[in-house]
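Asker: The structure's right below; bear with me while I get my questions together.
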Amino acid sequence: MKMRITMMNMQPKRTALLAIPLLVFAAPLGASDLDRTILPIPEPTYPAYTELDVRRTEPPRRFQVTAPAGAPNVVIILIDDLGFGAPSTFGGPIPTPAFDRLAASGLRYNNFHTTALCSPTRVALKCGRNHHTANAGSIMETSTAYPGNTGAIPNRVAPLAEMLRLNGYSTGAFGKWHETAAWETSVSGPFDRWPTRQGFDKFYGFIGGETDQWSPLIYDGVKKVNPPKKEHYHFTEDMTDQAINWVKAQQSMTPDKPFFMYFATGATHAPHHVPKEWIEKFKGKFDAGWDKVRQATFERQKQLGIIPANTQLPPRPEDLAAWDSLPEDQRRLFRRQAEVFAGFAAHTDQEVGRLVEAISDIGELENTLIFYIAGDNGTSAEGGMVGMYNEMTYFNGVQEKVEDLIPLIDKWGSEETFPHMAAAWAVAFDSPFKWTKQVASDFGGTRNGMVVHWPAGIRQGGGIRSQFGHVIDIAPTILEACKLPEPKVVNGTPQAPIEGTSLLYSFNEAEAPERHNTQYFEMFGNRAIYRDGWLARTIHRAPWQTGMQKPLTEDVWDLYHVREDFSLANNLAATHPAKLAQLQALFLTEAARYNVLPIDDRTIERTNPELAGRPDLMGGRTSLTLYEGMEGMLENTFINVKNRSKSITAEIEIPAGGASGALLVQGGRFGGWSLHLRDGKPAYEYNWLGLERFVVEGPAPLPPGKATVRLDFTYDGDGVGKGGRAKLSVNGRQVAEGRIGRTQPNLFSADETADVGLDNQTPVALGIGYGPGETKFTGRIDRILVEVE
């Protein structure tokens, strides 16, 4: 039995103690006199001994906080960028048998909502408060100076993992994090908002918003580690191995201690990377095109009872082409994109199945409360009209062209691509809704399929629950299931009240009236308000629109009675103007209450810390001195060399026999720059989005001895993303000069790093190796100075 406090059942033989009552040691956890609203639970005051000889005494009984008796294990499975109409469990065209199996003996929730974007959903999910309350109004990389959007999760919003850890749980997080303020991701920390300081004993995964599945940037705790050397390595498989190993070891060592696991895959967020055999499983499955796939999903959803029989299918957004209007060569490209995405999702579900099977194998499935949430938002339409060979083109304002993508069809999804799919597929995989990820004012952006599985707590599985729910409801649901109160103080900080509503009431009462009656939504100007079955909303911008939009005051609002209109197909604004006005006023009230105001509809512009107003680790610095061993520096913690002139001065020593390898690099295969020695010759290579390379290279290898290698880049100016002139010199003498035709204006990579003396993950430059082992500089680096204008 899992007790809350374990005491050594021994009574002292002598009264050589001060007269302090021993009752403080005897109370089991959960007793009425034990206050769990203050965390950590204070250790009792121990009596002072007056006896000289230990042999004439007995020790007090041991104090140890353990979970309440019978408290379940808890697993949250969160898939990335997977829409409501993608998995077979909710009528979609992608087989998800692990999801299906859990649904068969658990509950499907078809009215469950997210925030429409990555970081905000994740933060809200794990703290039980609205994303703006937790300062996560958007992704970490677009945070601003305003309350509600700073990107710095406050101490008054303690995460669920910390609540459970301080109540006797083992806690582990695996996969994607994306909750750490962008300027706090360097070796200098602070690490308060890293997983292991947000309640998790164990973390294995990546800290940012996405990663290369073949060559990921992995942290074990706060230490960067290289992925295992394994043929056909894939990160989803790796993180699953790590999760299984952890839970088996945890239960082996402490079988009476429950565990909390957060299992958040990088899939199916771009890049869509998946083993080729999984892509081939779906060959021909999407030949009918996005319109017919969407329609077929809609019909299956009705047949399965996932959506009401009277649901209507809204038209696709006007910007998106009808499948029948496309020429055959474009259809061939788009089919392949869907096959890769489907393979990615199916492969991910298989790994989830492996995890669930492992929990079953150790006999813990019966009392494990599992939340399988298929998406932290709707399917992503950030691939634009035609998809992308390299997702970084989106963040740099570059529109890829179909004619350039068609030759890459056979490589799509492999390590040679960093791909995304066309936006119309996102709409199809969000059936029966019209919009997608980022659109917080449409259920295509916010409604995600969820299955809850708990044999010990759900009396009859296989049902569907339609009460309104939101990610902020998960934390209070878990606390109630674990018989734990909402804490009022955590680690000395008084807590903001939990804003979600427990869903436990619906587990065994299908028709119970919903308890979450009001919920605002907002993301980049798209905003809505739900109240008692009604939704008022405005579509401010589409996900593929990254420039300035019309003023917020000119937005047109719609009105829907969602209890009769599941898919938001019938706008009632014209016939119910008073209701619309009432809800618009309510939105402003809720927005003020939760720090949503003022609304910031900028997108790409906010990736620039100076424009966004958030802290920048480099501040206004114009130089940075680097030393050997400094690696894994994420872009938000490195000096900004974009859209300006720069110089790099490397003081190195060449051993007898010569040297090769990286001196200083930033980025990777899909965009960046590299100063290195190739076959002993100094060189600078600018890799423009993996599509074009500019190389300036010296004519001869450097001789043994000390050398100063310097790169001077003079930027053309007159806007962003322009080119410039690069000059390479050794010991003060120019050895090469060349033209850099164009540069990346906004972002090199979401996960590739700046590294001294090696090139982590994928290589920026050709011909110096792959990975940190092969690209390591074989000489010595004394220091490197980067200077910018």
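Ordered as shown in the structure tokens, chains take letters A, B, and onward, while each chain numbers its residues from 1 and ligands are numbered from 1 in the order shown.
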Mind checking DSSP for segment 221-379 of chain A and telling me the alpha helix (DSSP H) residues as JSON, numbers by chain?
Answerer: {"A": [235, 236, 237, 238, 239, 240, 241, 242, 243, 244, 245, 246, 247, 248, 249, 250, 251, 252, 253, 276, 277, 278, 279, 280, 290, 291, 292, 293, 294, 295, 296, 297, 298, 299, 300, 301, 302, 303, 304, 328, 329, 330, 331, 332, 333, 334, 335, 336, 337, 338, 339, 340, 341, 342, 343, 344, 345, 346, 347, 348, 349, 350, 351, 352, 353, 354, 355, 356, 357, 358, 359, 360, 361]}
Asker: Looking only at the backbone, which of the residues in segment 591-657 of chain A does DSSP tag as strand (DSSP E or B), as a list in words?
Answerer: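 Filtering segment 591-657 of chain A to strand (DSSP E or B) leaves Ser623, Leu624, Thr625, Leu626, Met633, Lys646, Ser647, Ile648, Thr649, Ala650, Glu651, Ile652, Glu653 and Ile654 of chain A.
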Asker: Please, what distance in Å, to one decimal, runs between atom CA of Arg465 of chain A and atom CA of Ala116 of chain A?
Answerer: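 If I compute the distance from atom CA of Arg465 of chain A to atom CA of Ala116 of chain A, I get 21.2 Å.
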Asker: Name the closest residue to Ala481 of chain A among the candidates A:Gly724, A:Thr417, A:Ala288, A:Leu369; distances are taken between atoms, counting only C-alpha atoms.
Answerer: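 Distance minimum relative to Ala481 of chain A lands on A:Leu369.
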Asker: Go through segment 413-456 of chain A residue by residue and, counting only C-alpha atoms, keep those with an atom at most 10 Å from segment 68-79 of chain A; for each kept residue give the shortest atom pair and its distance in Å to one decimal, ordered by chain and increasing number, as a Markdown table.
Answerer:
```
| residue | atom | partner | partner_atom | distance |
| --- | --- | --- | --- | --- |
| A:Met450 | CA | A:Leu78 | CA | 9.5 |
| A:Val451 | CA | A:Ile77 | CA | 9.8 |
| A:Val452 | CA | A:Ile76 | CA | 9.5 |
| A:His453 | CA | A:Val75 | CA | 9.7 |
| A:Trp454 | CA | A:Pro72 | CA | 8.7 |
| A:Ala456 | CA | A:Pro72 | CA | 8.5 |
```
Asker: Skip Arg316 of chain A itself and residues of its chain fewer than 6 positions away, then list as a list in words all residues within 12 Å of it, counting only C-alpha atoms.
Answerer: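 After dropping sequence-adjacent residues, the list is Trp290, Asp291, Lys292, Arg294, Gln295, Ala322, Trp323, Ala423, Ala424, Trp425, Ala426, Val427, Ala428, Phe429, Asp430, Ser431, Pro432, Phe433, Lys434, Trp435, Thr436, Gly444 and Ala569 of chain A.
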Asker: How would the residues just picked look written out with C-alpha atoms as a short mmCIF file (atom, residue, chain, number, x, y, z; two decimals), in the first residue's frame?
Answerer:
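Output file result_3.cif follows:
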```cif
data_model
loop_
_atom_site.label_atom_id
_atom_site.label_comp_id
_atom_site.auth_asym_id
_atom_site.auth_seq_id
_atom_site.Cartn_x
_atom_site.Cartn_y
_atom_site.Cartn_z
CA TRP A 290 -6.80 16.95 -49.76
CA ASP A 291 -10.41 17.79 -50.56
CA LYS A 292 -11.58 14.19 -50.84
CA ARG A 294 -11.04 15.79 -45.81
CA GLN A 295 -14.53 14.79 -46.95
CA ALA A 322 -8.84 23.07 -54.87
CA TRP A 323 -7.12 19.73 -55.52
CA ALA A 423 -1.26 24.19 -45.82
CA ALA A 424 -4.23 22.53 -47.51
CA TRP A 425 -3.18 19.20 -45.99
CA ALA A 426 -3.32 20.83 -42.56
CA VAL A 427 -6.95 21.79 -43.21
CA ALA A 428 -7.69 18.22 -44.28
CA PHE A 429 -6.10 16.81 -41.13
CA ASP A 430 -8.12 19.26 -39.01
CA SER A 431 -11.50 18.01 -40.29
CA PRO A 432 -14.29 18.92 -39.67
CA PHE A 433 -12.94 22.42 -39.03
CA LYS A 434 -11.83 25.16 -41.39
CA TRP A 435 -8.63 26.51 -39.86
CA THR A 436 -5.40 25.23 -38.33
CA GLY A 444 -9.25 23.68 -36.13
CA ALA A 569 -20.30 26.41 -40.08
#
```
Asker: Could you work out how far atom CA of Phe418 of chain A lies from atom CA of Gly769 of chain A, giving the answer in Å with one decimal?
Answerer: 19.5 Å
Asker: Can you list, as an NGL selection string, every protein, DNA or RNA residue that comes within 8 Å of segment 151-168 of chain A when you count only C-alpha atoms, leaving out same-chain residues fewer than 2 positions away?
Answerer: :A and (4 or 36 or 39-41 or 65-67 or 126-129 or 133-140 or 143-144 or 148-149 or 170-171 or 179-182 or 193 or 198-200 or 257-258 or 260 or 475 or 487 or 490 or 493-496)
Asker: If we count only C-alpha atoms and set the cut-off at 6 Å, which residues sit around segment 204-210 of chain A, ignoring sequence neighbours fewer than 6 positions away in its own chain? Please answer as number ranges by chain.
Answerer: A: 174-178, 217-220
Asker: Using the selection just defined, write its residues with N, CA, C and O atoms as an mmCIF file, in the first residue's frame.
Answerer:
```cif
data_model
loop_
_atom_site.group_PDB
_atom_site.id
_atom_site.type_symbol
_atom_site.label_atom_id
_atom_site.label_comp_id
_atom_site.auth_asym_id
_atom_site.auth_seq_id
_atom_site.Cartn_x
_atom_site.Cartn_y
_atom_site.Cartn_z
ATOM 1 N N PHE A 174 10.248 13.605 -20.970
ATOM 2 C CA PHE A 174 10.975 13.090 -22.126
ATOM 3 C C PHE A 174 10.456 13.758 -23.391
ATOM 4 O O PHE A 174 9.248 13.873 -23.594
ATOM 5 N N GLY A 175 11.383 14.219 -24.236
ATOM 6 C CA GLY A 175 10.987 14.776 -25.517
ATOM 7 C C GLY A 175 11.109 16.283 -25.573
ATOM 8 O O GLY A 175 12.096 16.876 -25.138
ATOM 9 N N LYS A 176 10.081 16.923 -26.103
ATOM 10 C CA LYS A 176 10.089 18.366 -26.337
ATOM 11 C C LYS A 176 9.727 19.131 -25.064
ATOM 12 O O LYS A 176 8.790 18.776 -24.364
ATOM 13 N N TRP A 177 10.446 20.224 -24.817
ATOM 14 C CA TRP A 177 10.170 21.082 -23.672
ATOM 15 C C TRP A 177 9.516 22.388 -24.136
ATOM 16 O O TRP A 177 8.337 22.577 -24.018
ATOM 17 N N HIS A 178 10.304 23.330 -24.656
ATOM 18 C CA HIS A 178 9.813 24.582 -25.242
ATOM 19 C C HIS A 178 9.094 25.461 -24.231
ATOM 20 O O HIS A 178 8.111 26.130 -24.557
ATOM 21 N N LEU A 217 19.408 17.971 -31.012
ATOM 22 C CA LEU A 217 20.138 18.620 -29.925
ATOM 23 C C LEU A 217 19.506 18.148 -28.622
ATOM 24 O O LEU A 217 18.405 18.561 -28.267
ATOM 25 N N ILE A 218 20.201 17.281 -27.897
ATOM 26 C CA ILE A 218 19.621 16.607 -26.729
ATOM 27 C C ILE A 218 20.280 17.093 -25.447
ATOM 28 O O ILE A 218 21.493 17.278 -25.380
ATOM 29 N N TYR A 219 19.439 17.252 -24.424
ATOM 30 C CA TYR A 219 19.921 17.526 -23.073
ATOM 31 C C TYR A 219 19.480 16.386 -22.162
ATOM 32 O O TYR A 219 18.347 15.913 -22.235
ATOM 33 N N ASP A 220 20.401 15.969 -21.305
ATOM 34 C CA ASP A 220 20.077 15.065 -20.199
ATOM 35 C C ASP A 220 20.179 15.911 -18.946
ATOM 36 O O ASP A 220 21.275 16.241 -18.500
#
```
Asker: Could you check which of A:Gln761, A:Asn643, A:Asn111, A:Gln584 is closest to Asp718 of chain A, using only C-alpha atoms?
Answerer: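 Distance minimum relative to Asp718 of chain A lands on A:Asn643.
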Asker: Restricting the calculation to only C-alpha atoms: of A:Asn491, A:Asn508, A:Gln582, A:Thr254, which residue gets closest to Arg531 of chain A?
Answerer: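 Between A:Asn491, A:Asn508, A:Gln582, A:Thr254, the residue approaching Arg531 of chain A most closely is A:Gln582.
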Asker: Between atom CA of Pro190 of chain A and atom CA of Asp473 of chain A, what is the distance, to one decimal in Å?
Answerer: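 According to the coordinates, atom CA of Pro190 of chain A and atom CA of Asp473 of chain A are separated by 29.3 Å.
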Asker: Mind checking which residues fall within 10 Å of His269 of chain A, counting only C-alpha atoms, ignoring those fewer than 5 positions away in the same chain, and posting them as number ranges by chain?
Answerer: A: 79-82, 118, 209-211, 341, 344-345, 375-376, 379-380, 419-420
Asker: Okay, now the selection with all heavy atoms, as a compact mmCIF listing (two decimals), in the first residue's frame?
Answerer:
```
# COMPACT_ATOMS: atom_id res chain seq x y z
N ILE A 79 1.32 14.77 -28.29
CA ILE A 79 1.86 14.76 -29.66
C ILE A 79 1.88 16.20 -30.16
O ILE A 79 1.06 17.02 -29.77
CB ILE A 79 1.00 13.86 -30.58
CG1 ILE A 79 0.76 12.49 -29.92
CG2 ILE A 79 1.67 13.69 -31.93
CD1 ILE A 79 2.01 11.71 -29.59
N ASP A 80 2.80 16.50 -31.04
CA ASP A 80 3.00 17.86 -31.52
C ASP A 80 2.33 18.07 -32.88
O ASP A 80 2.49 17.24 -33.79
CB ASP A 80 4.51 18.13 -31.64
CG ASP A 80 4.87 19.59 -31.53
OD1 ASP A 80 3.96 20.43 -31.60
OD2 ASP A 80 6.06 19.90 -31.37
N ASP A 81 1.59 19.17 -33.03
CA ASP A 81 1.05 19.60 -34.33
C ASP A 81 0.19 18.55 -35.03
O ASP A 81 0.23 18.42 -36.25
CB ASP A 81 2.20 20.02 -35.26
CG ASP A 81 2.75 21.39 -34.93
OD1 ASP A 81 2.35 21.97 -33.91
OD2 ASP A 81 3.61 21.89 -35.69
N LEU A 82 -0.58 17.80 -34.27
CA LEU A 82 -1.46 16.79 -34.86
C LEU A 82 -2.90 17.22 -34.66
O LEU A 82 -3.36 17.39 -33.53
CB LEU A 82 -1.22 15.43 -34.21
CG LEU A 82 -1.86 14.23 -34.90
CD1 LEU A 82 -1.23 14.00 -36.27
CD2 LEU A 82 -1.71 12.97 -34.05
N CYS A 118 2.37 25.96 -29.55
CA CYS A 118 3.22 25.03 -28.78
C CYS A 118 3.43 25.42 -27.33
O CYS A 118 2.85 24.84 -26.42
CB CYS A 118 4.59 24.91 -29.46
SG CYS A 118 4.55 24.30 -31.16
N GLY A 209 11.78 24.47 -29.68
CA GLY A 209 10.49 24.19 -30.28
C GLY A 209 10.48 23.06 -31.27
O GLY A 209 9.42 22.50 -31.58
N GLU A 210 11.64 22.71 -31.82
CA GLU A 210 11.72 21.61 -32.78
C GLU A 210 13.15 21.12 -32.84
O GLU A 210 14.08 21.79 -32.36
CB GLU A 210 11.28 22.09 -34.17
CG GLU A 210 12.20 23.13 -34.79
CD GLU A 210 11.67 23.66 -36.12
OE1 GLU A 210 10.46 23.92 -36.20
OE2 GLU A 210 12.48 23.82 -37.05
N THR A 211 13.34 19.97 -33.44
CA THR A 211 14.69 19.45 -33.61
C THR A 211 14.74 18.53 -34.81
O THR A 211 13.72 17.99 -35.25
CB THR A 211 15.18 18.72 -32.34
OG1 THR A 211 16.60 18.59 -32.39
CG2 THR A 211 14.55 17.33 -32.21
N PHE A 341 4.01 12.80 -43.82
CA PHE A 341 3.38 13.23 -42.57
C PHE A 341 2.63 12.07 -41.91
O PHE A 341 2.73 11.85 -40.70
CB PHE A 341 2.41 14.37 -42.84
CG PHE A 341 1.71 14.88 -41.60
CD1 PHE A 341 2.35 15.73 -40.72
CD2 PHE A 341 0.41 14.49 -41.31
CE1 PHE A 341 1.71 16.20 -39.58
CE2 PHE A 341 -0.24 14.94 -40.17
CZ PHE A 341 0.41 15.80 -39.30
N PHE A 344 5.02 9.71 -40.36
CA PHE A 344 5.57 10.32 -39.15
C PHE A 344 4.60 10.12 -37.98
O PHE A 344 5.01 9.73 -36.87
CB PHE A 344 5.78 11.81 -39.43
CG PHE A 344 6.71 12.54 -38.52
CD1 PHE A 344 7.63 11.88 -37.72
CD2 PHE A 344 6.69 13.93 -38.48
CE1 PHE A 344 8.51 12.59 -36.89
CE2 PHE A 344 7.55 14.64 -37.66
CZ PHE A 344 8.46 13.97 -36.86
N ALA A 345 3.33 10.37 -38.21
CA ALA A 345 2.32 10.23 -37.15
C ALA A 345 2.15 8.77 -36.74
O ALA A 345 2.06 8.45 -35.54
CB ALA A 345 0.99 10.81 -37.61
N GLY A 375 -2.10 16.27 -30.13
CA GLY A 375 -1.83 17.60 -30.63
C GLY A 375 -1.83 18.66 -29.56
O GLY A 375 -2.70 18.69 -28.69
N ASP A 376 -0.81 19.53 -29.60
CA ASP A 376 -0.78 20.70 -28.72
C ASP A 376 -1.48 21.88 -29.38
O ASP A 376 -1.57 22.96 -28.81
CB ASP A 376 0.66 21.06 -28.36
CG ASP A 376 1.54 21.27 -29.57
OD1 ASP A 376 1.12 20.96 -30.70
OD2 ASP A 376 2.69 21.74 -29.41
N THR A 379 -3.21 20.87 -36.75
CA THR A 379 -2.14 20.57 -37.69
C THR A 379 -1.58 21.89 -38.23
O THR A 379 -2.31 22.85 -38.45
CB THR A 379 -2.65 19.71 -38.86
OG1 THR A 379 -3.39 18.61 -38.32
CG2 THR A 379 -1.51 19.19 -39.69
N SER A 380 -0.27 21.92 -38.45
CA SER A 380 0.39 23.15 -38.84
C SER A 380 0.21 23.45 -40.33
O SER A 380 0.48 22.60 -41.18
CB SER A 380 1.88 23.08 -38.52
OG SER A 380 2.56 24.19 -39.08
N PRO A 419 11.62 19.13 -43.91
CA PRO A 419 10.43 19.46 -44.67
C PRO A 419 9.17 19.78 -43.86
O PRO A 419 9.02 19.42 -42.70
CB PRO A 419 10.21 18.19 -45.50
CG PRO A 419 10.69 17.10 -44.59
CD PRO A 419 11.83 17.68 -43.81
N HIS A 420 8.29 20.45 -44.58
CA HIS A 420 6.95 20.75 -44.11
C HIS A 420 6.00 20.53 -45.30
O HIS A 420 6.44 20.50 -46.44
CB HIS A 420 6.87 22.19 -43.61
CG HIS A 420 5.80 22.42 -42.58
ND1 HIS A 420 4.55 21.86 -42.65
CD2 HIS A 420 5.80 23.17 -41.44
CE1 HIS A 420 3.84 22.24 -41.62
NE2 HIS A 420 4.57 23.04 -40.86
```
Asker: Go through A:Thr501, A:Thr775, A:Gln330, A:Gln64 one by one, measure the shortest atom-to-atom distance of each to Glu514 of chain A using only C-alpha atoms, and give the residue with the smallest value.
Answerer: A:Thr501
Asker: Using only C-alpha atoms, can you tell me which of A:Met385, A:Ala422, A:Met523, A:Leu559 comes closest to Lys437 of chain A?
Answerer: A:Met523
Asker: Have a look at A:Pro682, A:Pro703, A:Gly738, A:Pro195 and name the one nearest to Gly221 of chain A; count only C-alpha atoms.
Answerer: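 Among A:Pro682, A:Pro703, A:Gly738, A:Pro195, it is A:Pro195 that comes nearest to Gly221 of chain A.
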Asker: Fewer than 6 positions away in the same chain doesn't count, so skip those; otherwise give me all residues within 8 Å of Asn448 of chain A, counting only C-alpha atoms, as a list in words.
Answerer: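 Near Asn448 of chain A, the qualifying residues are Leu82, Gly83, Phe84, Asn110, Asn111, Phe112, His113, Thr114, Ile373, Ala374, Gly375, Asp376, Asn377 and Gly378 of chain A.
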